[in-house]
Each structure stands twice: as structure tokens, then as C-alpha cells.
Amino acid sequence: MYSVQTSSQQMSSVNERNEQLFHRWCFLLEQGRKELHVRQWFIADSYYLQAMLIAESLFSSSLCKSCALRCYMRTLIEYAYINCKLNGPDSLDFLEQVATVTLARYTPMPLIDKLLEPLTYLKIYNDDERDLWINQLFVGDVLHANQLH
């Protein structure tokens, strides 16, 4: 038998799907970070790539575009760091092009240039500077979390 969903049922279904996607994104990002911290670059790359795909899908389905943007950008920056470890800083050119195309659907171009500045730094930093940079990023997370509690 065919059933017709009401608008509120459809919205509830979309919200539930987005929540599942968000939880999956959180899980993948956390797994990627665990592998990053123990320098398992190939394993971390796999988790981050999956997290990137989910973060990108959140743009199209999420009602909170700024939330989706935060997820996407954070994943992109950490994934870029892993990419540098595996393939060198030149590999970021392609990642930057893909990110520009993705962001252009949701964000004005002047803002995209600003959002992608961290990729420029990752390209020009040497390996030690990139390591310091990513560690400072994670320390900032801890400090921010402690301020909220």
C-alpha cells in the first residue's frame, strides 16, 4: 500500500538523516585524528576522505549552512595536512581546486579565498612548520572546549 508522507514527516526524516550523517562525520573525523596522532598516514587518509564526502553531502542536505561549512572546512584543513604528509605540498593544488568548486555553490568567491588561506600556508610551510601548525590547531580545540565548560 502506498502511503503519503506529510511535510512534517518528510522534514523529520530529513533531520534524522542529517543527524545520522553528522554523527558518522564525527566518528570518521575522530578516527582520522587518532590515526593522525600515531602517524598512520594512509589509514588517516582513508578516514578523512570519507569524512570529506560526508561533509560535502551535509552542504546539500543541512538546513544550517554555516554548520555544514564548519564541518567541511575543518575536515578539509585536516585532510590537507594528511595529503601533505603522503603526497607533498604540491598535492594541495588539486584539493584546493576541488574545494573551490564545492564552496562556490554555497559561498561568495571573496569568502572562499579567505576560507582557503590555511591551504596556502600548508603549501609554503616545511614539514616541521606544518606539524607545529596542526598541533596548535588541536591545542586550540582543547582550550576552546575548556572555555565552554
# chains A, B, ... in the order shown; residues from 1 in each chain; ligands from 1
call {"tool": "residues_around", "arguments": {"residues": "range 49-62 of chain A", "least_positions_apart": "6", "cutoff": "12 Å", "atoms": "only C-alpha atoms", "output": "MDAnalysis selection string"}}
result
chainID A and resid 11 13:33 41:43 68:80 82:83 95 98:99 101:107
call {"tool": "residues_around", "arguments": {"residues": "Asp93 in chain A", "least_positions_apart": "3", "cutoff": "12 Å", "atoms": "only C-alpha atoms", "output": "PDB file with all heavy atoms, in the first residue's frame"}}
result
ATOM      1  N   ALA A  80      43.980  18.163   4.276  1.00  0.00           N
ATOM      2  CA  ALA A  80      45.086  18.777   3.541  1.00  0.00           C
ATOM      3  C   ALA A  80      46.418  18.476   4.234  1.00  0.00           C
ATOM      4  O   ALA A  80      47.430  18.203   3.569  1.00  0.00           O
ATOM      5  CB  ALA A  80      44.867  20.281   3.418  1.00  0.00           C
ATOM      6  N   ASN A  83      47.295  15.016   3.376  1.00  0.00           N
ATOM      7  CA  ASN A  83      47.723  14.983   1.978  1.00  0.00           C
ATOM      8  C   ASN A  83      49.170  15.428   1.822  1.00  0.00           C
ATOM      9  O   ASN A  83      49.918  14.855   1.030  1.00  0.00           O
ATOM     10  CB  ASN A  83      46.819  15.877   1.123  1.00  0.00           C
ATOM     11  CG  ASN A  83      45.945  15.094   0.201  1.00  0.00           C
ATOM     12  OD1 ASN A  83      46.392  14.140  -0.414  1.00  0.00           O
ATOM     13  ND2 ASN A  83      44.704  15.500   0.098  1.00  0.00           N
ATOM     14  N   CYS A  84      49.551  16.455   2.557  1.00  0.00           N
ATOM     15  CA  CYS A  84      50.959  16.913   2.518  1.00  0.00           C
ATOM     16  C   CYS A  84      51.894  15.813   3.004  1.00  0.00           C
ATOM     17  O   CYS A  84      52.973  15.620   2.442  1.00  0.00           O
ATOM     18  CB  CYS A  84      51.144  18.153   3.388  1.00  0.00           C
ATOM     19  SG  CYS A  84      50.566  19.662   2.632  1.00  0.00           S
ATOM     20  N   ASN A  87      51.687  13.021   0.040  1.00  0.00           N
ATOM     21  CA  ASN A  87      51.969  13.372  -1.351  1.00  0.00           C
ATOM     22  C   ASN A  87      52.738  14.664  -1.552  1.00  0.00           C
ATOM     23  O   ASN A  87      52.948  15.076  -2.684  1.00  0.00           O
ATOM     24  CB  ASN A  87      50.643  13.463  -2.123  1.00  0.00           C
ATOM     25  CG  ASN A  87      49.814  12.215  -1.973  1.00  0.00           C
ATOM     26  OD1 ASN A  87      50.297  11.117  -2.185  1.00  0.00           O
ATOM     27  ND2 ASN A  87      48.555  12.374  -1.584  1.00  0.00           N
ATOM     28  N   GLY A  88      53.090  15.326  -0.463  1.00  0.00           N
ATOM     29  CA  GLY A  88      53.811  16.590  -0.573  1.00  0.00           C
ATOM     30  C   GLY A  88      52.870  17.765  -0.776  1.00  0.00           C
ATOM     31  O   GLY A  88      51.690  17.589  -1.121  1.00  0.00           O
ATOM     32  N   PRO A  89      53.382  18.967  -0.560  1.00  0.00           N
ATOM     33  CA  PRO A  89      52.534  20.167  -0.632  1.00  0.00           C
ATOM     34  C   PRO A  89      51.968  20.455  -2.015  1.00  0.00           C
ATOM     35  O   PRO A  89      50.923  21.091  -2.134  1.00  0.00           O
ATOM     36  CB  PRO A  89      53.453  21.295  -0.161  1.00  0.00           C
ATOM     37  CG  PRO A  89      54.834  20.753  -0.206  1.00  0.00           C
ATOM     38  CD  PRO A  89      54.751  19.267  -0.146  1.00  0.00           C
ATOM     39  N   ASP A  90      52.596  19.977  -3.069  1.00  0.00           N
ATOM     40  CA  ASP A  90      52.065  20.219  -4.413  1.00  0.00           C
ATOM     41  C   ASP A  90      50.713  19.545  -4.621  1.00  0.00           C
ATOM     42  O   ASP A  90      49.934  19.967  -5.477  1.00  0.00           O
ATOM     43  CB  ASP A  90      53.049  19.738  -5.484  1.00  0.00           C
ATOM     44  CG  ASP A  90      54.306  20.591  -5.534  1.00  0.00           C
ATOM     45  OD1 ASP A  90      54.261  21.747  -5.049  1.00  0.00           O
ATOM     46  OD2 ASP A  90      55.331  20.106  -6.046  1.00  0.00           O
ATOM     47  N   GLU A  96      42.673  22.116  -3.450  1.00  0.00           N
ATOM     48  CA  GLU A  96      42.195  23.496  -3.398  1.00  0.00           C
ATOM     49  C   GLU A  96      41.209  23.771  -4.539  1.00  0.00           C
ATOM     50  O   GLU A  96      40.191  24.436  -4.338  1.00  0.00           O
ATOM     51  CB  GLU A  96      43.380  24.453  -3.487  1.00  0.00           C
ATOM     52  CG  GLU A  96      43.022  25.896  -3.294  1.00  0.00           C
ATOM     53  CD  GLU A  96      44.252  26.789  -3.240  1.00  0.00           C
ATOM     54  OE1 GLU A  96      45.352  26.347  -3.614  1.00  0.00           O
ATOM     55  OE2 GLU A  96      44.092  27.942  -2.818  1.00  0.00           O
ATOM     56  N   GLN A  97      41.471  23.231  -5.714  1.00  0.00           N
ATOM     57  CA  GLN A  97      40.555  23.411  -6.847  1.00  0.00           C
ATOM     58  C   GLN A  97      39.208  22.742  -6.569  1.00  0.00           C
ATOM     59  O   GLN A  97      38.153  23.329  -6.829  1.00  0.00           O
ATOM     60  CB  GLN A  97      41.171  22.839  -8.123  1.00  0.00           C
ATOM     61  CG  GLN A  97      42.339  23.630  -8.641  1.00  0.00           C
ATOM     62  CD  GLN A  97      43.068  22.915  -9.777  1.00  0.00           C
ATOM     63  OE1 GLN A  97      42.626  21.876 -10.251  1.00  0.00           O
ATOM     64  NE2 GLN A  97      44.180  23.480 -10.209  1.00  0.00           N
ATOM     65  N   VAL A  98      39.255  21.539  -6.037  1.00  0.00           N
ATOM     66  CA  VAL A  98      38.023  20.818  -5.713  1.00  0.00           C
ATOM     67  C   VAL A  98      37.239  21.574  -4.641  1.00  0.00           C
ATOM     68  O   VAL A  98      36.015  21.744  -4.746  1.00  0.00           O
ATOM     69  CB  VAL A  98      38.332  19.370  -5.258  1.00  0.00           C
ATOM     70  CG1 VAL A  98      37.094  18.691  -4.696  1.00  0.00           C
ATOM     71  CG2 VAL A  98      38.914  18.566  -6.405  1.00  0.00           C
ATOM     72  N   ALA A  99      37.930  22.046  -3.626  1.00  0.00           N
ATOM     73  CA  ALA A  99      37.268  22.795  -2.552  1.00  0.00           C
ATOM     74  C   ALA A  99      36.654  24.084  -3.086  1.00  0.00           C
ATOM     75  O   ALA A  99      35.548  24.459  -2.677  1.00  0.00           O
ATOM     76  CB  ALA A  99      38.261  23.099  -1.435  1.00  0.00           C
ATOM     77  N   THR A 100      37.334  24.746  -3.989  1.00  0.00           N
ATOM     78  CA  THR A 100      36.803  25.980  -4.566  1.00  0.00           C
ATOM     79  C   THR A 100      35.497  25.712  -5.304  1.00  0.00           C
ATOM     80  O   THR A 100      34.516  26.446  -5.143  1.00  0.00           O
ATOM     81  CB  THR A 100      37.837  26.622  -5.520  1.00  0.00           C
ATOM     82  OG1 THR A 100      39.017  26.935  -4.775  1.00  0.00           O
ATOM     83  CG2 THR A 100      37.294  27.887  -6.154  1.00  0.00           C
ATOM     84  N   LEU A 116      40.171  29.461   2.230  1.00  0.00           N
ATOM     85  CA  LEU A 116      41.214  28.547   1.762  1.00  0.00           C
ATOM     86  C   LEU A 116      42.633  29.011   2.097  1.00  0.00           C
ATOM     87  O   LEU A 116      43.600  28.343   1.733  1.00  0.00           O
ATOM     88  CB  LEU A 116      41.064  28.319   0.252  1.00  0.00           C
ATOM     89  CG  LEU A 116      39.784  27.597  -0.163  1.00  0.00           C
ATOM     90  CD1 LEU A 116      39.729  27.438  -1.675  1.00  0.00           C
ATOM     91  CD2 LEU A 116      39.643  26.253   0.527  1.00  0.00           C
ATOM     92  N   LEU A 119      45.225  26.484   3.422  1.00  0.00           N
ATOM     93  CA  LEU A 119      45.865  25.607   2.443  1.00  0.00           C
ATOM     94  C   LEU A 119      47.114  26.265   1.867  1.00  0.00           C
ATOM     95  O   LEU A 119      48.113  25.586   1.608  1.00  0.00           O
ATOM     96  CB  LEU A 119      44.894  25.232   1.327  1.00  0.00           C
ATOM     97  CG  LEU A 119      43.651  24.448   1.726  1.00  0.00           C
ATOM     98  CD1 LEU A 119      42.851  24.057   0.496  1.00  0.00           C
ATOM     99  CD2 LEU A 119      43.989  23.234   2.547  1.00  0.00           C
ATOM    100  N   THR A 120      47.063  27.577   1.686  1.00  0.00           N
ATOM    101  CA  THR A 120      48.231  28.306   1.196  1.00  0.00           C
ATOM    102  C   THR A 120      49.379  28.170   2.195  1.00  0.00           C
ATOM    103  O   THR A 120      50.524  27.927   1.799  1.00  0.00           O
ATOM    104  CB  THR A 120      47.882  29.792   0.973  1.00  0.00           C
ATOM    105  OG1 THR A 120      46.798  29.870   0.052  1.00  0.00           O
ATOM    106  CG2 THR A 120      49.071  30.569   0.449  1.00  0.00           C
ATOM    107  N   LEU A 122      49.815  25.777   4.402  1.00  0.00           N
ATOM    108  CA  LEU A 122      50.298  24.396   4.390  1.00  0.00           C
ATOM    109  C   LEU A 122      51.217  24.136   3.202  1.00  0.00           C
ATOM    110  O   LEU A 122      52.167  23.362   3.300  1.00  0.00           O
ATOM    111  CB  LEU A 122      49.128  23.411   4.372  1.00  0.00           C
ATOM    112  CG  LEU A 122      48.363  23.262   5.676  1.00  0.00           C
ATOM    113  CD1 LEU A 122      47.120  22.401   5.476  1.00  0.00           C
ATOM    114  CD2 LEU A 122      49.245  22.676   6.769  1.00  0.00           C
ATOM    115  N   LYS A 123      50.951  24.800   2.076  1.00  0.00           N
ATOM    116  CA  LYS A 123      51.790  24.620   0.890  1.00  0.00           C
ATOM    117  C   LYS A 123      53.175  25.225   1.076  1.00  0.00           C
ATOM    118  O   LYS A 123      54.152  24.663   0.591  1.00  0.00           O
ATOM    119  CB  LYS A 123      51.136  25.250  -0.342  1.00  0.00           C
ATOM    120  CG  LYS A 123      50.029  24.425  -0.925  1.00  0.00           C
ATOM    121  CD  LYS A 123      49.638  24.930  -2.299  1.00  0.00           C
ATOM    122  CE  LYS A 123      48.478  25.876  -2.204  1.00  0.00           C
ATOM    123  NZ  LYS A 123      47.938  26.281  -3.496  1.00  0.00           N
ATOM    124  N   ILE A 124      53.256  26.366   1.763  1.00  0.00           N
ATOM    125  CA  ILE A 124      54.554  27.043   1.868  1.00  0.00           C
ATOM    126  C   ILE A 124      55.357  26.626   3.101  1.00  0.00           C
ATOM    127  O   ILE A 124      56.569  26.811   3.131  1.00  0.00           O
ATOM    128  CB  ILE A 124      54.407  28.584   1.821  1.00  0.00           C
ATOM    129  CG1 ILE A 124      53.555  29.104   2.987  1.00  0.00           C
ATOM    130  CG2 ILE A 124      53.848  29.019   0.495  1.00  0.00           C
ATOM    131  CD1 ILE A 124      53.501  30.612   3.096  1.00  0.00           C
TER     132      ILE A 124
END
call {"tool": "residues_around", "arguments": {"residues": "Phe138 in chain A", "least_positions_apart": "3", "cutoff": "12 Å", "atoms": "only C-alpha atoms", "output": "ChimeraX atom specification"}}
result
/A:30,33-34,36-37,74,77-78,131-135,141-145
call {"tool": "write_last_selection", "arguments": {"atoms": "all heavy atoms", "output": "short mmCIF file (atom, residue, chain, number, x, y, z; two decimals), in the first residue's frame"}}
result
data_model
loop_
_atom_site.label_atom_id
_atom_site.label_comp_id
_atom_site.auth_asym_id
_atom_site.auth_seq_id
_atom_site.Cartn_x
_atom_site.Cartn_y
_atom_site.Cartn_z
N GLU A 30 37.04 11.70 14.09
CA GLU A 30 37.73 11.25 15.31
C GLU A 30 38.68 10.09 15.00
O GLU A 30 39.81 10.04 15.49
CB GLU A 30 36.73 10.86 16.37
CG GLU A 30 37.35 10.56 17.72
CD GLU A 30 38.12 11.73 18.31
OE1 GLU A 30 37.72 12.89 18.10
OE2 GLU A 30 39.15 11.48 18.98
N ARG A 33 41.68 11.42 13.21
CA ARG A 33 42.58 12.12 14.15
C ARG A 33 43.41 11.13 14.97
O ARG A 33 44.59 11.37 15.22
CB ARG A 33 41.78 13.02 15.08
CG ARG A 33 41.25 14.24 14.39
CD ARG A 33 40.31 15.02 15.27
NE ARG A 33 39.87 16.22 14.59
CZ ARG A 33 38.85 16.95 14.97
NH1 ARG A 33 38.15 16.61 16.04
NH2 ARG A 33 38.52 18.02 14.29
N LYS A 34 42.77 10.05 15.39
CA LYS A 34 43.51 9.03 16.14
C LYS A 34 44.66 8.50 15.31
O LYS A 34 45.79 8.34 15.80
CB LYS A 34 42.59 7.89 16.56
CG LYS A 34 41.66 8.24 17.69
CD LYS A 34 40.73 7.08 18.02
CE LYS A 34 39.76 7.46 19.12
NZ LYS A 34 38.80 6.39 19.41
N LEU A 36 46.04 10.00 12.72
CA LEU A 36 46.98 11.12 12.50
C LEU A 36 47.96 11.21 13.66
O LEU A 36 49.17 11.35 13.44
CB LEU A 36 46.18 12.41 12.36
CG LEU A 36 46.92 13.72 12.15
CD1 LEU A 36 46.04 14.69 11.38
CD2 LEU A 36 47.34 14.37 13.45
N HIS A 37 47.46 11.12 14.89
CA HIS A 37 48.31 11.29 16.06
C HIS A 37 49.34 10.17 16.22
O HIS A 37 50.38 10.39 16.83
CB HIS A 37 47.46 11.44 17.33
CG HIS A 37 46.71 12.74 17.38
ND1 HIS A 37 47.30 13.97 17.29
CD2 HIS A 37 45.38 12.99 17.49
CE1 HIS A 37 46.40 14.92 17.34
NE2 HIS A 37 45.22 14.35 17.46
N ARG A 74 36.78 22.30 8.45
CA ARG A 74 37.65 21.63 9.41
C ARG A 74 38.18 20.33 8.82
O ARG A 74 39.36 20.00 8.95
CB ARG A 74 36.91 21.39 10.72
CG ARG A 74 37.80 20.83 11.81
CD ARG A 74 39.06 21.74 11.96
NE ARG A 74 40.01 21.15 12.84
CZ ARG A 74 40.17 21.49 14.11
NH1 ARG A 74 39.43 22.44 14.64
NH2 ARG A 74 41.07 20.90 14.85
N ILE A 77 40.85 21.11 6.08
CA ILE A 77 42.15 21.54 6.59
C ILE A 77 42.94 20.35 7.14
O ILE A 77 44.13 20.18 6.85
CB ILE A 77 41.96 22.64 7.66
CG1 ILE A 77 41.47 23.92 6.97
CG2 ILE A 77 43.23 22.88 8.43
CD1 ILE A 77 40.96 24.97 7.91
N GLU A 78 42.29 19.51 7.90
CA GLU A 78 42.99 18.34 8.46
C GLU A 78 43.35 17.36 7.34
O GLU A 78 44.43 16.77 7.36
CB GLU A 78 42.13 17.68 9.54
CG GLU A 78 41.99 18.56 10.77
CD GLU A 78 41.14 17.93 11.86
OE1 GLU A 78 41.16 16.69 12.01
OE2 GLU A 78 40.45 18.69 12.58
N ASP A 131 53.69 20.47 11.06
CA ASP A 131 53.43 19.71 12.29
C ASP A 131 53.09 20.64 13.44
O ASP A 131 52.14 20.38 14.19
CB ASP A 131 54.63 18.84 12.66
CG ASP A 131 54.86 17.69 11.70
OD1 ASP A 131 53.96 17.37 10.90
OD2 ASP A 131 55.97 17.11 11.75
N LEU A 132 53.83 21.70 13.58
CA LEU A 132 53.57 22.68 14.63
C LEU A 132 52.20 23.32 14.43
O LEU A 132 51.42 23.46 15.38
CB LEU A 132 54.66 23.75 14.65
CG LEU A 132 54.49 24.86 15.67
CD1 LEU A 132 54.52 24.31 17.10
CD2 LEU A 132 55.60 25.89 15.49
N TRP A 133 51.89 23.65 13.19
CA TRP A 133 50.62 24.29 12.87
C TRP A 133 49.43 23.41 13.23
O TRP A 133 48.48 23.86 13.86
CB TRP A 133 50.61 24.65 11.38
CG TRP A 133 49.42 25.39 10.93
CD1 TRP A 133 49.21 26.74 10.97
CD2 TRP A 133 48.24 24.84 10.35
NE1 TRP A 133 47.98 27.05 10.46
CE2 TRP A 133 47.36 25.90 10.06
CE3 TRP A 133 47.83 23.54 10.03
CZ2 TRP A 133 46.11 25.72 9.49
CZ3 TRP A 133 46.59 23.36 9.46
CH2 TRP A 133 45.74 24.43 9.20
N ILE A 134 49.49 22.13 12.84
CA ILE A 134 48.36 21.23 13.13
C ILE A 134 48.25 20.99 14.63
O ILE A 134 47.15 20.93 15.18
CB ILE A 134 48.44 19.90 12.34
CG1 ILE A 134 47.07 19.18 12.31
CG2 ILE A 134 49.48 18.96 12.92
CD1 ILE A 134 46.08 19.75 11.37
N ASN A 135 49.39 20.89 15.32
CA ASN A 135 49.34 20.71 16.77
C ASN A 135 48.73 21.93 17.46
O ASN A 135 47.95 21.78 18.41
CB ASN A 135 50.74 20.42 17.32
CG ASN A 135 51.19 19.02 17.01
OD1 ASN A 135 50.39 18.09 16.91
ND2 ASN A 135 52.49 18.84 16.84
N ASP A 141 41.63 23.67 19.96
CA ASP A 141 40.37 22.96 20.18
C ASP A 141 40.18 22.64 21.66
O ASP A 141 39.09 22.81 22.21
CB ASP A 141 40.33 21.65 19.40
CG ASP A 141 40.21 21.85 17.91
OD1 ASP A 141 39.87 22.97 17.47
OD2 ASP A 141 40.45 20.87 17.18
N VAL A 142 41.24 22.16 22.28
CA VAL A 142 41.18 21.79 23.70
C VAL A 142 40.91 23.03 24.55
O VAL A 142 40.06 23.01 25.44
CB VAL A 142 42.48 21.07 24.15
CG1 VAL A 142 42.51 20.89 25.65
CG2 VAL A 142 42.61 19.74 23.43
N LEU A 143 41.62 24.10 24.26
CA LEU A 143 41.42 25.34 25.02
C LEU A 143 40.00 25.87 24.84
O LEU A 143 39.36 26.29 25.79
CB LEU A 143 42.44 26.40 24.59
CG LEU A 143 43.90 26.10 24.93
CD1 LEU A 143 44.81 27.17 24.34
CD2 LEU A 143 44.09 25.99 26.44
N HIS A 144 39.51 25.82 23.62
CA HIS A 144 38.14 26.29 23.35
C HIS A 144 37.11 25.42 24.07
O HIS A 144 36.16 25.92 24.65
CB HIS A 144 37.88 26.28 21.85
CG HIS A 144 36.52 26.76 21.46
ND1 HIS A 144 36.14 28.08 21.57
CD2 HIS A 144 35.44 26.08 21.00
CE1 HIS A 144 34.87 28.20 21.19
NE2 HIS A 144 34.42 27.00 20.84
N ALA A 145 37.32 24.11 24.06
CA ALA A 145 36.39 23.21 24.75
C ALA A 145 36.40 23.47 26.25
O ALA A 145 35.36 23.44 26.90
CB ALA A 145 36.76 21.76 24.46
#
call {"tool": "atom_distance", "arguments": {"atom1": "CA of Pro118 in chain A", "atom2": "CA of Leu137 in chain A"}}
result
11.0 Å
call {"tool": "decode", "arguments": {"residues": "range 18-121 of chain A", "atoms": "C-alpha atoms", "output": "compact mmCIF listing (two decimals), in the first residue's frame"}}
result
# COMPACT_ATOMS: atom_id res chain seq x y z
CA ASN A 18 21.23 14.74 8.65
CA GLU A 19 21.75 13.78 12.27
CA GLN A 20 22.97 10.34 11.19
CA LEU A 21 25.30 11.93 8.65
CA PHE A 22 26.63 14.33 11.26
CA HIS A 23 27.30 11.51 13.73
CA ARG A 24 29.01 9.49 11.01
CA TRP A 25 31.13 12.55 10.12
CA CYS A 26 32.12 13.00 13.79
CA PHE A 27 33.07 9.33 14.06
CA LEU A 28 35.19 9.38 10.89
CA LEU A 29 36.92 12.62 11.86
CA GLU A 30 37.73 11.25 15.31
CA GLN A 31 39.10 8.01 13.81
CA GLY A 32 41.17 10.01 11.33
CA ARG A 33 42.58 12.12 14.15
CA LYS A 34 43.51 9.03 16.14
CA GLU A 35 45.44 7.70 13.16
CA LEU A 36 46.98 11.12 12.50
CA HIS A 37 48.31 11.29 16.06
CA VAL A 38 50.03 7.92 15.72
CA ARG A 39 51.31 8.86 12.26
CA GLN A 40 49.36 6.20 10.37
CA TRP A 41 49.03 8.48 7.35
CA PHE A 42 47.40 6.03 4.92
CA ILE A 43 44.78 4.93 7.41
CA ALA A 44 44.11 8.53 8.45
CA ASP A 45 43.78 9.48 4.78
CA SER A 46 41.04 6.89 4.30
CA TYR A 47 39.04 8.18 7.27
CA TYR A 48 39.48 11.81 6.26
CA LEU A 49 38.45 11.11 2.67
CA GLN A 50 35.22 9.51 3.89
CA ALA A 51 34.65 12.42 6.29
CA MET A 52 35.17 14.86 3.39
CA LEU A 53 32.50 13.12 1.35
CA ILE A 54 30.02 13.30 4.21
CA ALA A 55 30.90 16.92 4.98
CA GLU A 56 30.25 17.77 1.35
CA SER A 57 26.89 15.99 1.39
CA LEU A 58 25.90 17.95 4.50
CA PHE A 59 26.06 21.14 2.41
CA SER A 60 23.23 19.99 0.20
CA SER A 61 21.05 18.47 2.90
CA SER A 62 21.64 20.53 6.04
CA LEU A 63 19.37 23.40 6.95
CA CYS A 64 22.27 25.03 8.81
CA LYS A 65 24.67 26.02 6.03
CA SER A 66 27.13 27.64 8.47
CA CYS A 67 27.24 24.37 10.44
CA ALA A 68 27.88 22.45 7.22
CA LEU A 69 30.57 24.96 6.27
CA ARG A 70 32.34 24.49 9.63
CA CYS A 71 32.29 20.70 9.19
CA TYR A 72 33.57 20.93 5.64
CA MET A 73 36.35 23.43 6.35
CA ARG A 74 37.65 21.63 9.41
CA THR A 75 37.73 18.35 7.54
CA LEU A 76 39.37 19.98 4.53
CA ILE A 77 42.15 21.54 6.59
CA GLU A 78 42.99 18.34 8.46
CA TYR A 79 42.73 16.31 5.26
CA ALA A 80 45.09 18.78 3.54
CA TYR A 81 47.63 18.20 6.30
CA ILE A 82 47.43 14.43 5.72
CA ASN A 83 47.72 14.98 1.98
CA CYS A 84 50.96 16.91 2.52
CA LYS A 85 52.32 14.03 4.58
CA LEU A 86 51.52 11.48 1.89
CA ASN A 87 51.97 13.37 -1.35
CA GLY A 88 53.81 16.59 -0.57
CA PRO A 89 52.53 20.17 -0.63
CA ASP A 90 52.06 20.22 -4.41
CA SER A 91 49.16 17.80 -3.96
CA LEU A 92 47.19 20.62 -2.35
CA ASP A 93 46.68 22.41 -5.65
CA PHE A 94 44.13 19.84 -6.79
CA LEU A 95 42.47 19.71 -3.36
CA GLU A 96 42.19 23.50 -3.40
CA GLN A 97 40.56 23.41 -6.85
CA VAL A 98 38.02 20.82 -5.71
CA ALA A 99 37.27 22.79 -2.55
CA THR A 100 36.80 25.98 -4.57
CA VAL A 101 34.24 24.30 -6.82
CA THR A 102 32.41 22.82 -3.82
CA LEU A 103 32.40 26.06 -1.85
CA ALA A 104 31.36 28.14 -4.87
CA ARG A 105 27.93 26.50 -4.74
CA TYR A 106 27.31 27.85 -1.23
CA THR A 107 29.67 30.76 -0.56
CA PRO A 108 30.65 34.03 -2.32
CA MET A 109 34.05 33.90 -4.05
CA PRO A 110 35.79 36.55 -1.86
CA LEU A 111 34.93 34.46 1.19
CA ILE A 112 36.25 31.31 -0.49
CA ASP A 113 39.68 32.88 -0.91
CA LYS A 114 39.71 33.72 2.80
CA LEU A 115 38.49 30.26 3.80
CA LEU A 116 41.21 28.55 1.76
CA GLU A 117 44.10 30.60 3.22
CA PRO A 118 45.16 27.73 5.53
CA LEU A 119 45.87 25.61 2.44
CA THR A 120 48.23 28.31 1.20
CA TYR A 121 50.12 28.17 4.49
